[in-house]
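Trainee: I am attaching a structure below and will ask some questions about it afterwards.
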Protein chains: 2
Amino acid sequence: MARALTVSIDAMGGDAGPSVVVSALLKAVQRHTDVGFLLHGDEAGLAPLLARQPRLQGRVTIVHAAERVRMEDKPSHVLRRGKDTSMWHAIDSVKRGEASVAVSAGNTGALMALSMFNLGIIEGISRPAIATIWPTLKGQTVVLDVGANVGATDEQLVDFAVMGEAFARAILGLKHPSIGILNVGSEEQKGNDGVKGAAQILRASNSPMRFHGFVEGDDIAKGTVDVVVTDGFTGNVALKTAEGTARLIAAYLRQSLKRSLLGRLGAVVAAGALNALRRKLDPRANAGGIFLGLNGVVVKCHGGADAVSFASAMDMAIDMARADLNARITADRGRIAAETAGAQAGDI
Amino acid sequence: MARALTVSIDAMGGDAGPSVVVSALLKAVQRHTDVGFLLHGDEAGLAPLLARQPRLQGRVTIVHAAERVRMEDKPSHVLRRGKDTSMWHAIDSVKRGEASVAVSAGNTGALMALSMFNLGIIEGISRPAIATIWPTLKGQTVVLDVGANVGATDEQLVDFAVMGEAFARAILGLKHPSIGILNVGSEEQKGNDGVKGAAQILRASNSPMRFHGFVEGDDIAKGTVDVVVTDGFTGNVALKTAEGTARLIAAYLRQSLKRSLLGRLGAVVAAGALNALRRKLDPRANAGGIFLGLNGVVVKCHGGADAVSFASAMDMAIDMARADLNARITADRGRIAAETAGAQAGDI
């Protein structure tokens with residue numbers, strides 16, 4: 001049976017191993033009945049796992065890869081020596097058109113390096129970015145870059161704004177998403193050269209993009225804008241700081257409730273509500289990071305992903321594969337670049 | 001009566017105005033019986049407020065200032081035109097030795113500009129930093145810079161490490177605080193040139209500083225190290241992102257508990273425990289930012305500070321004035337700089 005869409009999976013990437021991936025596949029095959037899956041990894045280990053799951057028969061194809069990328073492997077090493085790894089195979093399937101999208105829970109640096117090397121960067125964009133979806137008081141906000149790069153020039157921040165807007169339209173379904181650049185204050189004169197330059201380019205542009213201006217760290221969770229643009233260093237620190245804060249507060253809440261008899265009693269009575277909160281804060285519900293700006297779609301699932309989290313990364317991957325952002329990104333970025341060049345050209 | 005120590009206060013700085021400062025003073029005069037206070041601001045407004053508080057008689061001296069710095073004033077404007085403002089007067093009292101420390105809830109940029117201009121930077125340090133105390137799973141961690149600068153070179157990050165260590169010893173009372181540099185990963189090859197260069201200098205140094213290496217955003221709340229060093233852009237975004245996350249979770253908690261009858265009942269039963277949590281997360285309990293690296297101590301209180309928060313900023317200011325960090329900072333920084341110069345010198 002011909003499939004509408006195929007997802008290529010690195011079965012060996014996460015901390016937990018292939019059994020989590022198989023559990024995630026059991027959810028994915030039910031949710032997406034017209035999607036096929038390529039499972040890259042150690043055939044001897046994967047075949048018995050699949051054999052026990054009749055629902056995966058005919059939906060999942062194992063593709064043997066003799067090796068795997070480890071969490072501690074350097075990207076440069078994987079680029080030179082990683083041709084037989086399940087991660088390389090998973091991306092190569094996208095490159096060769098056998099699959100529309102790749103998903104891995106492996107080493108982020110290696111995954112980005114292999115994705116850039118094998119798929120290449122789309123026209124008009126100078127660096128890819130990793131986007132993530134952040135829960136907010138109003139709903140959801142896209143934040144990028146959360147770790148593909150360790151800095152960004154003004155032009156690269158403009159790339160991220162264009163990619164983030166296309167993503168928010170396609171995946172969050174927003175008609176006219178608002179864009180903010182993350183800064184240390186909202187006034188025009190604040191910030192480093194990168195954010196000031198990017199804001200100037202976006203303000204001067206006639207692009208239909210709804211550019212809000214600068215936003216601050218607390219604006220992310222407020223949902224002040226739909227897309228928050230930042231360099232990969234700041235974005236990565238912000239993301240992990242938020243995760244750390246959520247865990248700290250959860251620990252405080254447990255301590256506070258345990259300390260008194262009434263607290264313990266209240267916790268028992270409100271257990272349902274507290275569990276609902278726990279699910280909302282659970283990082284497993286987060287699909288992880290989406291690589292934008294490549295000639296092909298790659299989704300990075302958390303290294304410590306369980307089946308719930310891996311399955312939601314597959315959902316995201318399938319949404320991304322269907323959205324086809326890249327034509328839009330190239331056109332939007334080209335328009336802004338042409339405007340900037342036009343504005344900067346001297347009279348002759 | 002001669003005072004052991006005098007605190008200089010900008011009475012006109014915060015959003016709430018002088019009445020909050022007077023309420024805070026009522027707490028401070030009780031806690032610190034040997035401390036005197038200079039209150040800079042509009043005498044016509046301040047005198048009646050003080051007259052109503054007999055406990056402040058003889059402890060607080062009003063020093064008239066005709067003008068005030070507004071939250072929207074640009075630092076460059078305040079530097080040129082601000083000589084008659086309460087903020088300028090408050091810092092000038094420290095410069096002239098009339099007070100040991102200044103406290104303001106005003107415009108952070110103006111306060112830093114006036115502090116640098118009037119007090120100057122201590123020997124051996126190239127840029128001041130703003131430090132803050134962060135609650136963690138283990139207790140408290142010092143984080144700096146959270147906003148004095150919009151970037152930092154490797155040498156400036158080393159400055160911050162030295163200042164943060166001296167602060168952690170003096171204010172947190174730690175004998176041998178551990179230091180980490182905030183980065184996007186813990187491996188040596190990760191990060192931008194600034195953090196890699198700073199780590200190299202600190203690793204190579206024979207300074208007794210306990211340098212842990214790189215830490216990530218979630219390590220702040222974990223309490224992995226006692227001092228987290230970062231540039232002012234990243235630190236400011238991390239601080240505000242954490243504040244935003246705490247507010248988001250508090251909102252989720254309220255929603256979850258309100259949604260069901262049992263949730264509402266549990267919240268009533270556990271009200272004491274939930275209020276204890278609220279106090280722990282309350283930003284008012286946080287003293288704000290401490291300016292390090294200046295020839296004089298300046299403490300910045302939150303703009304939206306209430307009396308509790310302003311009083312804890314005064315506590316912090318008094319602790320800082322008594323600690324006398326600067327001699328230690330200059331000596332420690334000088335030793336590391338000499339080692340670096342020695343290691344880099346070519347053979348002749």
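We name chains A, B, ... following the order of the structure tokens; residues begin at 1 in each chain, and ligands are numbered from 1 as shown.
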Should the cut-off be 6 Å, what would the residue list for chain B against chain A look like, counting only C-alpha atoms, as a VMD selection string?
Mentor: chain B and resid 150 191 to 192 217 to 218 221 234 237 to 238 240 to 242 244 to 245 256 to 257 262 to 263 266 269 to 270 273
Trainee: Restricting it to N, CA and C atoms, dump the selection as a PDB file, in the first residue's frame.
Mentor:
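Saved to part.pdb:
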ATOM      1  N   VAL B 150      25.532  44.659  28.155  1.00  0.00           N
ATOM      2  CA  VAL B 150      24.792  43.864  27.165  1.00  0.00           C
ATOM      3  C   VAL B 150      25.690  42.823  26.507  1.00  0.00           C
ATOM      4  N   GLY B 191      30.025  26.518  23.491  1.00  0.00           N
ATOM      5  CA  GLY B 191      29.872  27.925  23.831  1.00  0.00           C
ATOM      6  C   GLY B 191      30.560  28.898  22.900  1.00  0.00           C
ATOM      7  N   ASN B 192      30.411  30.169  23.231  1.00  0.00           N
ATOM      8  CA  ASN B 192      31.014  31.241  22.437  1.00  0.00           C
ATOM      9  C   ASN B 192      32.427  31.550  22.944  1.00  0.00           C
ATOM     10  N   GLY B 217      21.397  26.402  32.073  1.00  0.00           N
ATOM     11  CA  GLY B 217      20.318  27.188  32.675  1.00  0.00           C
ATOM     12  C   GLY B 217      19.619  26.498  33.834  1.00  0.00           C
ATOM     13  N   ASP B 218      19.388  25.185  33.711  1.00  0.00           N
ATOM     14  CA  ASP B 218      18.661  24.499  34.786  1.00  0.00           C
ATOM     15  C   ASP B 218      19.525  24.278  36.028  1.00  0.00           C
ATOM     16  N   ALA B 221      18.688  26.916  39.252  1.00  0.00           N
ATOM     17  CA  ALA B 221      17.705  26.547  40.275  1.00  0.00           C
ATOM     18  C   ALA B 221      18.080  25.261  41.007  1.00  0.00           C
ATOM     19  N   THR B 234      22.513  37.736  28.690  1.00  0.00           N
ATOM     20  CA  THR B 234      21.998  36.406  29.012  1.00  0.00           C
ATOM     21  C   THR B 234      21.434  36.368  30.428  1.00  0.00           C
ATOM     22  N   VAL B 237      18.018  38.145  30.647  1.00  0.00           N
ATOM     23  CA  VAL B 237      16.962  37.339  30.033  1.00  0.00           C
ATOM     24  C   VAL B 237      16.642  36.136  30.925  1.00  0.00           C
ATOM     25  N   ALA B 238      17.675  35.489  31.479  1.00  0.00           N
ATOM     26  CA  ALA B 238      17.436  34.319  32.344  1.00  0.00           C
ATOM     27  C   ALA B 238      16.619  34.715  33.576  1.00  0.00           C
ATOM     28  N   LYS B 240      14.566  37.296  34.041  1.00  0.00           N
ATOM     29  CA  LYS B 240      13.172  37.649  33.735  1.00  0.00           C
ATOM     30  C   LYS B 240      12.392  36.441  33.219  1.00  0.00           C
ATOM     31  N   THR B 241      13.065  35.517  32.529  1.00  0.00           N
ATOM     32  CA  THR B 241      12.393  34.297  32.084  1.00  0.00           C
ATOM     33  C   THR B 241      11.958  33.475  33.294  1.00  0.00           C
ATOM     34  N   ALA B 242      12.821  33.407  34.306  1.00  0.00           N
ATOM     35  CA  ALA B 242      12.465  32.671  35.530  1.00  0.00           C
ATOM     36  C   ALA B 242      11.285  33.339  36.228  1.00  0.00           C
ATOM     37  N   GLY B 244       8.948  35.123  34.834  1.00  0.00           N
ATOM     38  CA  GLY B 244       7.770  34.844  34.002  1.00  0.00           C
ATOM     39  C   GLY B 244       7.269  33.422  34.200  1.00  0.00           C
ATOM     40  N   THR B 245       8.198  32.485  34.295  1.00  0.00           N
ATOM     41  CA  THR B 245       7.825  31.082  34.485  1.00  0.00           C
ATOM     42  C   THR B 245       7.130  30.897  35.833  1.00  0.00           C
ATOM     43  N   SER B 256      -5.981  25.323  38.009  1.00  0.00           N
ATOM     44  CA  SER B 256      -6.204  23.899  38.276  1.00  0.00           C
ATOM     45  C   SER B 256      -7.056  23.713  39.524  1.00  0.00           C
ATOM     46  N   LEU B 257      -6.768  24.501  40.568  1.00  0.00           N
ATOM     47  CA  LEU B 257      -7.491  24.326  41.823  1.00  0.00           C
ATOM     48  C   LEU B 257      -8.927  24.841  41.728  1.00  0.00           C
ATOM     49  N   LEU B 262     -13.427  19.650  44.264  1.00  0.00           N
ATOM     50  CA  LEU B 262     -12.414  19.085  45.157  1.00  0.00           C
ATOM     51  C   LEU B 262     -11.161  19.948  45.169  1.00  0.00           C
ATOM     52  N   GLY B 263     -10.812  20.502  43.988  1.00  0.00           N
ATOM     53  CA  GLY B 263      -9.654  21.386  43.908  1.00  0.00           C
ATOM     54  C   GLY B 263      -9.857  22.606  44.792  1.00  0.00           C
ATOM     55  N   GLY B 266      -9.702  21.494  48.426  1.00  0.00           N
ATOM     56  CA  GLY B 266      -8.308  21.214  48.800  1.00  0.00           C
ATOM     57  C   GLY B 266      -7.529  22.497  49.006  1.00  0.00           C
ATOM     58  N   VAL B 269      -8.362  23.893  52.388  1.00  0.00           N
ATOM     59  CA  VAL B 269      -7.734  23.116  53.462  1.00  0.00           C
ATOM     60  C   VAL B 269      -6.230  23.403  53.516  1.00  0.00           C
ATOM     61  N   ALA B 270      -5.603  23.488  52.342  1.00  0.00           N
ATOM     62  CA  ALA B 270      -4.148  23.668  52.281  1.00  0.00           C
ATOM     63  C   ALA B 270      -3.755  25.140  52.183  1.00  0.00           C
ATOM     64  N   ALA B 273      -0.355  26.220  53.584  1.00  0.00           N
ATOM     65  CA  ALA B 273       0.792  25.726  52.818  1.00  0.00           C
ATOM     66  C   ALA B 273       0.932  26.493  51.504  1.00  0.00           C
TER      67      ALA B 273
END
Trainee: Find the spatial neighbours of stretch 57-63 of chain B, counting only C-alpha atoms, within a cut-off of 9 Å - ignore same-chain residues fewer than 2 positions away - and output them as a PDB file with N, CA, C and O atoms, in the first residue's frame.
Mentor:
ATOM      1  N   MET B   1      24.125  61.728  68.372  1.00  0.00           N
ATOM      2  CA  MET B   1      24.703  60.390  68.561  1.00  0.00           C
ATOM      3  C   MET B   1      25.409  59.944  67.279  1.00  0.00           C
ATOM      4  O   MET B   1      24.843  59.995  66.186  1.00  0.00           O
ATOM      5  N   LEU B  25      11.481  52.109  56.137  1.00  0.00           N
ATOM      6  CA  LEU B  25      12.360  52.655  57.175  1.00  0.00           C
ATOM      7  C   LEU B  25      11.899  52.250  58.572  1.00  0.00           C
ATOM      8  O   LEU B  25      12.716  52.016  59.464  1.00  0.00           O
ATOM      9  N   VAL B  29      14.758  50.719  60.936  1.00  0.00           N
ATOM     10  CA  VAL B  29      15.283  51.330  62.175  1.00  0.00           C
ATOM     11  C   VAL B  29      15.184  50.356  63.354  1.00  0.00           C
ATOM     12  O   VAL B  29      15.991  50.416  64.273  1.00  0.00           O
ATOM     13  N   THR B  33      19.697  49.037  64.871  1.00  0.00           N
ATOM     14  CA  THR B  33      19.585  50.147  65.825  1.00  0.00           C
ATOM     15  C   THR B  33      20.782  51.090  65.772  1.00  0.00           C
ATOM     16  O   THR B  33      20.700  52.208  66.274  1.00  0.00           O
ATOM     17  N   VAL B  35      22.276  52.151  62.916  1.00  0.00           N
ATOM     18  CA  VAL B  35      22.412  52.683  61.557  1.00  0.00           C
ATOM     19  C   VAL B  35      21.588  53.964  61.415  1.00  0.00           C
ATOM     20  O   VAL B  35      20.455  54.032  61.916  1.00  0.00           O
ATOM     21  N   GLY B  36      22.167  54.966  60.755  1.00  0.00           N
ATOM     22  CA  GLY B  36      21.437  56.188  60.439  1.00  0.00           C
ATOM     23  C   GLY B  36      21.056  56.218  58.969  1.00  0.00           C
ATOM     24  O   GLY B  36      21.626  55.496  58.150  1.00  0.00           O
ATOM     25  N   PHE B  37      20.073  57.045  58.623  1.00  0.00           N
ATOM     26  CA  PHE B  37      19.580  57.070  57.254  1.00  0.00           C
ATOM     27  C   PHE B  37      19.483  58.505  56.730  1.00  0.00           C
ATOM     28  O   PHE B  37      18.964  59.382  57.429  1.00  0.00           O
ATOM     29  N   LEU B  38      19.999  58.713  55.524  1.00  0.00           N
ATOM     30  CA  LEU B  38      19.803  59.988  54.823  1.00  0.00           C
ATOM     31  C   LEU B  38      18.722  59.763  53.783  1.00  0.00           C
ATOM     32  O   LEU B  38      18.829  58.842  52.966  1.00  0.00           O
ATOM     33  N   LEU B  39      17.709  60.614  53.800  1.00  0.00           N
ATOM     34  CA  LEU B  39      16.584  60.431  52.888  1.00  0.00           C
ATOM     35  C   LEU B  39      16.585  61.580  51.882  1.00  0.00           C
ATOM     36  O   LEU B  39      16.257  62.720  52.229  1.00  0.00           O
ATOM     37  N   HIS B  40      16.969  61.254  50.624  1.00  0.00           N
ATOM     38  CA  HIS B  40      17.080  62.286  49.606  1.00  0.00           C
ATOM     39  C   HIS B  40      15.783  62.396  48.821  1.00  0.00           C
ATOM     40  O   HIS B  40      15.305  61.396  48.273  1.00  0.00           O
ATOM     41  N   GLY B  41      15.239  63.621  48.751  1.00  0.00           N
ATOM     42  CA  GLY B  41      14.025  63.796  47.967  1.00  0.00           C
ATOM     43  C   GLY B  41      13.366  65.131  48.277  1.00  0.00           C
ATOM     44  O   GLY B  41      13.978  66.018  48.890  1.00  0.00           O
ATOM     45  N   ASP B  42      12.122  65.239  47.864  1.00  0.00           N
ATOM     46  CA  ASP B  42      11.360  66.477  48.009  1.00  0.00           C
ATOM     47  C   ASP B  42      10.997  66.717  49.485  1.00  0.00           C
ATOM     48  O   ASP B  42      10.161  66.010  50.049  1.00  0.00           O
ATOM     49  N   GLU B  43      11.620  67.738  50.088  1.00  0.00           N
ATOM     50  CA  GLU B  43      11.461  67.956  51.530  1.00  0.00           C
ATOM     51  C   GLU B  43      10.001  68.232  51.917  1.00  0.00           C
ATOM     52  O   GLU B  43       9.502  67.707  52.916  1.00  0.00           O
ATOM     53  N   LEU B  46       8.317  64.923  51.967  1.00  0.00           N
ATOM     54  CA  LEU B  46       8.845  63.936  52.914  1.00  0.00           C
ATOM     55  C   LEU B  46       8.628  64.323  54.385  1.00  0.00           C
ATOM     56  O   LEU B  46       8.336  63.463  55.219  1.00  0.00           O
ATOM     57  N   ALA B  47       8.763  65.639  54.679  1.00  0.00           N
ATOM     58  CA  ALA B  47       8.715  66.067  56.084  1.00  0.00           C
ATOM     59  C   ALA B  47       7.420  65.656  56.790  1.00  0.00           C
ATOM     60  O   ALA B  47       7.469  65.085  57.896  1.00  0.00           O
ATOM     61  N   LEU B  50       7.427  61.911  57.589  1.00  0.00           N
ATOM     62  CA  LEU B  50       8.302  61.553  58.708  1.00  0.00           C
ATOM     63  C   LEU B  50       7.732  62.030  60.038  1.00  0.00           C
ATOM     64  O   LEU B  50       7.847  61.348  61.057  1.00  0.00           O
ATOM     65  N   ALA B  51       7.103  63.237  60.012  1.00  0.00           N
ATOM     66  CA  ALA B  51       6.588  63.831  61.256  1.00  0.00           C
ATOM     67  C   ALA B  51       5.583  62.902  61.930  1.00  0.00           C
ATOM     68  O   ALA B  51       5.451  62.879  63.154  1.00  0.00           O
ATOM     69  N   GLN B  53       5.810  59.761  62.163  1.00  0.00           N
ATOM     70  CA  GLN B  53       6.451  58.528  62.639  1.00  0.00           C
ATOM     71  C   GLN B  53       7.485  58.844  63.716  1.00  0.00           C
ATOM     72  O   GLN B  53       8.664  58.992  63.417  1.00  0.00           O
ATOM     73  N   PRO B  54       7.087  58.891  64.972  1.00  0.00           N
ATOM     74  CA  PRO B  54       8.032  59.249  66.037  1.00  0.00           C
ATOM     75  C   PRO B  54       9.246  58.315  66.079  1.00  0.00           C
ATOM     76  O   PRO B  54      10.340  58.742  66.452  1.00  0.00           O
ATOM     77  N   ARG B  55       9.066  57.049  65.663  1.00  0.00           N
ATOM     78  CA  ARG B  55      10.189  56.109  65.735  1.00  0.00           C
ATOM     79  C   ARG B  55      11.327  56.465  64.765  1.00  0.00           C
ATOM     80  O   ARG B  55      12.434  55.969  64.886  1.00  0.00           O
ATOM     81  N   ALA B  65      16.149  67.336  47.654  1.00  0.00           N
ATOM     82  CA  ALA B  65      16.532  67.300  46.238  1.00  0.00           C
ATOM     83  C   ALA B  65      15.325  67.791  45.456  1.00  0.00           C
ATOM     84  O   ALA B  65      14.211  67.284  45.637  1.00  0.00           O
ATOM     85  N   SER B  86      17.188  63.350  43.274  1.00  0.00           N
ATOM     86  CA  SER B  86      17.388  62.601  44.525  1.00  0.00           C
ATOM     87  C   SER B  86      18.347  61.429  44.302  1.00  0.00           C
ATOM     88  O   SER B  86      19.109  61.061  45.201  1.00  0.00           O
ATOM     89  N   HIS B  89      21.928  62.812  44.313  1.00  0.00           N
ATOM     90  CA  HIS B  89      22.276  63.157  45.689  1.00  0.00           C
ATOM     91  C   HIS B  89      22.579  61.913  46.521  1.00  0.00           C
ATOM     92  O   HIS B  89      23.524  61.902  47.323  1.00  0.00           O
TER      93      HIS B  89
END
Trainee: Just list the residues in stretch 145-294 of chain A DSSP gives alpha helix (DSSP H) on the backbone, as a PyMOL selection string.
Mentor: chain A and resi 154-171+193-204+217-222+232-259+261-269+271-281
Trainee: Which residues come within 12 Å of A:Gly173, counting only C-alpha atoms, excluding same-chain residues fewer than 3 positions away, as a list in words?
Mentor: Gln140, Thr141, Val142, Glu165, Ala166, Phe167, Ala168, Arg169, Ala170, His176, Pro177, Asp226, Asp319, Met320 and Ala323 of chain A
Trainee: I need the residues from that last selection saved to file as a PDB file, in the first residue's frame (with N, CA, C and O atoms), if you can.
Mentor:
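Written file, again-v9.pdb:
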ATOM      1  N   GLN A 140       0.284  29.422  23.347  1.00  0.00           N
ATOM      2  CA  GLN A 140       1.596  28.915  22.971  1.00  0.00           C
ATOM      3  C   GLN A 140       2.382  29.973  22.225  1.00  0.00           C
ATOM      4  O   GLN A 140       1.815  30.743  21.454  1.00  0.00           O
ATOM      5  N   THR A 141       3.689  29.980  22.436  1.00  0.00           N
ATOM      6  CA  THR A 141       4.575  30.886  21.709  1.00  0.00           C
ATOM      7  C   THR A 141       5.741  30.089  21.144  1.00  0.00           C
ATOM      8  O   THR A 141       6.245  29.180  21.804  1.00  0.00           O
ATOM      9  N   VAL A 142       6.141  30.416  19.926  1.00  0.00           N
ATOM     10  CA  VAL A 142       7.307  29.786  19.306  1.00  0.00           C
ATOM     11  C   VAL A 142       8.545  30.569  19.745  1.00  0.00           C
ATOM     12  O   VAL A 142       8.559  31.798  19.662  1.00  0.00           O
ATOM     13  N   GLU A 165       7.985  32.986  11.910  1.00  0.00           N
ATOM     14  CA  GLU A 165       6.649  33.399  11.459  1.00  0.00           C
ATOM     15  C   GLU A 165       6.007  32.313  10.594  1.00  0.00           C
ATOM     16  O   GLU A 165       4.833  31.975  10.772  1.00  0.00           O
ATOM     17  N   ALA A 166       6.797  31.767   9.654  1.00  0.00           N
ATOM     18  CA  ALA A 166       6.262  30.701   8.783  1.00  0.00           C
ATOM     19  C   ALA A 166       5.820  29.508   9.638  1.00  0.00           C
ATOM     20  O   ALA A 166       4.763  28.906   9.399  1.00  0.00           O
ATOM     21  N   PHE A 167       6.610  29.187  10.651  1.00  0.00           N
ATOM     22  CA  PHE A 167       6.293  28.071  11.542  1.00  0.00           C
ATOM     23  C   PHE A 167       4.999  28.338  12.315  1.00  0.00           C
ATOM     24  O   PHE A 167       4.133  27.469  12.432  1.00  0.00           O
ATOM     25  N   ALA A 168       4.855  29.555  12.847  1.00  0.00           N
ATOM     26  CA  ALA A 168       3.660  29.883  13.641  1.00  0.00           C
ATOM     27  C   ALA A 168       2.396  29.833  12.782  1.00  0.00           C
ATOM     28  O   ALA A 168       1.338  29.393  13.240  1.00  0.00           O
ATOM     29  N   ARG A 169       2.514  30.281  11.528  1.00  0.00           N
ATOM     30  CA  ARG A 169       1.358  30.178  10.624  1.00  0.00           C
ATOM     31  C   ARG A 169       0.997  28.727  10.368  1.00  0.00           C
ATOM     32  O   ARG A 169      -0.163  28.332  10.454  1.00  0.00           O
ATOM     33  N   ALA A 170       2.022  27.937  10.017  1.00  0.00           N
ATOM     34  CA  ALA A 170       1.752  26.572   9.561  1.00  0.00           C
ATOM     35  C   ALA A 170       1.377  25.647  10.707  1.00  0.00           C
ATOM     36  O   ALA A 170       0.451  24.845  10.588  1.00  0.00           O
ATOM     37  N   HIS A 176      -1.811  35.752  11.330  1.00  0.00           N
ATOM     38  CA  HIS A 176      -0.935  36.917  11.295  1.00  0.00           C
ATOM     39  C   HIS A 176      -0.133  36.996  12.599  1.00  0.00           C
ATOM     40  O   HIS A 176      -0.358  37.898  13.413  1.00  0.00           O
ATOM     41  N   PRO A 177       0.784  36.059  12.790  1.00  0.00           N
ATOM     42  CA  PRO A 177       1.503  36.002  14.072  1.00  0.00           C
ATOM     43  C   PRO A 177       2.343  37.250  14.323  1.00  0.00           C
ATOM     44  O   PRO A 177       2.904  37.836  13.394  1.00  0.00           O
ATOM     45  N   ASP A 226       3.624  36.052  19.462  1.00  0.00           N
ATOM     46  CA  ASP A 226       3.476  34.653  19.045  1.00  0.00           C
ATOM     47  C   ASP A 226       4.815  34.002  18.742  1.00  0.00           C
ATOM     48  O   ASP A 226       4.946  32.783  18.805  1.00  0.00           O
ATOM     49  N   ASP A 319       3.109  17.010  11.144  1.00  0.00           N
ATOM     50  CA  ASP A 319       2.557  18.345  10.853  1.00  0.00           C
ATOM     51  C   ASP A 319       3.537  19.156  10.009  1.00  0.00           C
ATOM     52  O   ASP A 319       3.151  19.836   9.057  1.00  0.00           O
ATOM     53  N   MET A 320       4.810  19.095  10.384  1.00  0.00           N
ATOM     54  CA  MET A 320       5.840  19.857   9.662  1.00  0.00           C
ATOM     55  C   MET A 320       5.974  19.367   8.223  1.00  0.00           C
ATOM     56  O   MET A 320       6.100  20.163   7.288  1.00  0.00           O
ATOM     57  N   ALA A 323       3.266  20.707   6.134  1.00  0.00           N
ATOM     58  CA  ALA A 323       3.124  22.162   6.019  1.00  0.00           C
ATOM     59  C   ALA A 323       3.955  22.746   4.880  1.00  0.00           C
ATOM     60  O   ALA A 323       3.574  23.738   4.270  1.00  0.00           O
TER      61      ALA A 323
END
Trainee: Taking the chain letters and numbering used in this document, name the residues of stretch 30-73 of chain B that DSSP puts in strand (DSSP E or B), as number ranges by chain.
Mentor: B: 35-41, 60-64, 67
Trainee: Would you please work out which residue, of A:Ala327, A:Ile130, A:Val225, A:Val195, is nearest to A:Leu174 when using only C-alpha atoms?
Mentor: A:Val225
Trainee: Which of these residues is nearest to A:Met209, using only C-alpha atoms: A:Ile318, A:Leu111, A:His302, A:Ile336?
Mentor: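 Under the stated criterion, the closest residue is A:Ile336.
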Trainee: Would you mind listing what lies within 9 Å of B:Asn107 as a list in words, with only C-alpha atoms counted and same-chain residues fewer than 2 positions away left out?
Mentor: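 Counting only C-alpha atoms, the residues come to Gly13, Gly14, Val69, Arg70, Met71, Glu72, Asp73, Lys74, Pro75, Ser104, Ala105, Gly109, Ala110, Leu111, Met112, Lys300 and Gly303 of chain B.
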Trainee: Quick one: residues within 8 Å of stretch 154-164 of chain B, only C-alpha atoms, excluding same-chain residues fewer than 5 positions away - as a list of chain:residue names?
Mentor: B:Ile125, B:Ser126, B:Arg127, B:Ala129, B:Ala131, B:Val142, B:Val143, B:Leu144, B:Asp145, B:Ile179, B:Asp193, B:Gly194, B:Val195, B:Lys196, B:Gly197, B:Ala198, B:Ile201, B:Leu202, B:Val227, B:Val228, B:Val229, B:Thr230, B:Asp231, B:Leu292, B:Gly293, B:Ile329, B:Asp332, B:Arg333
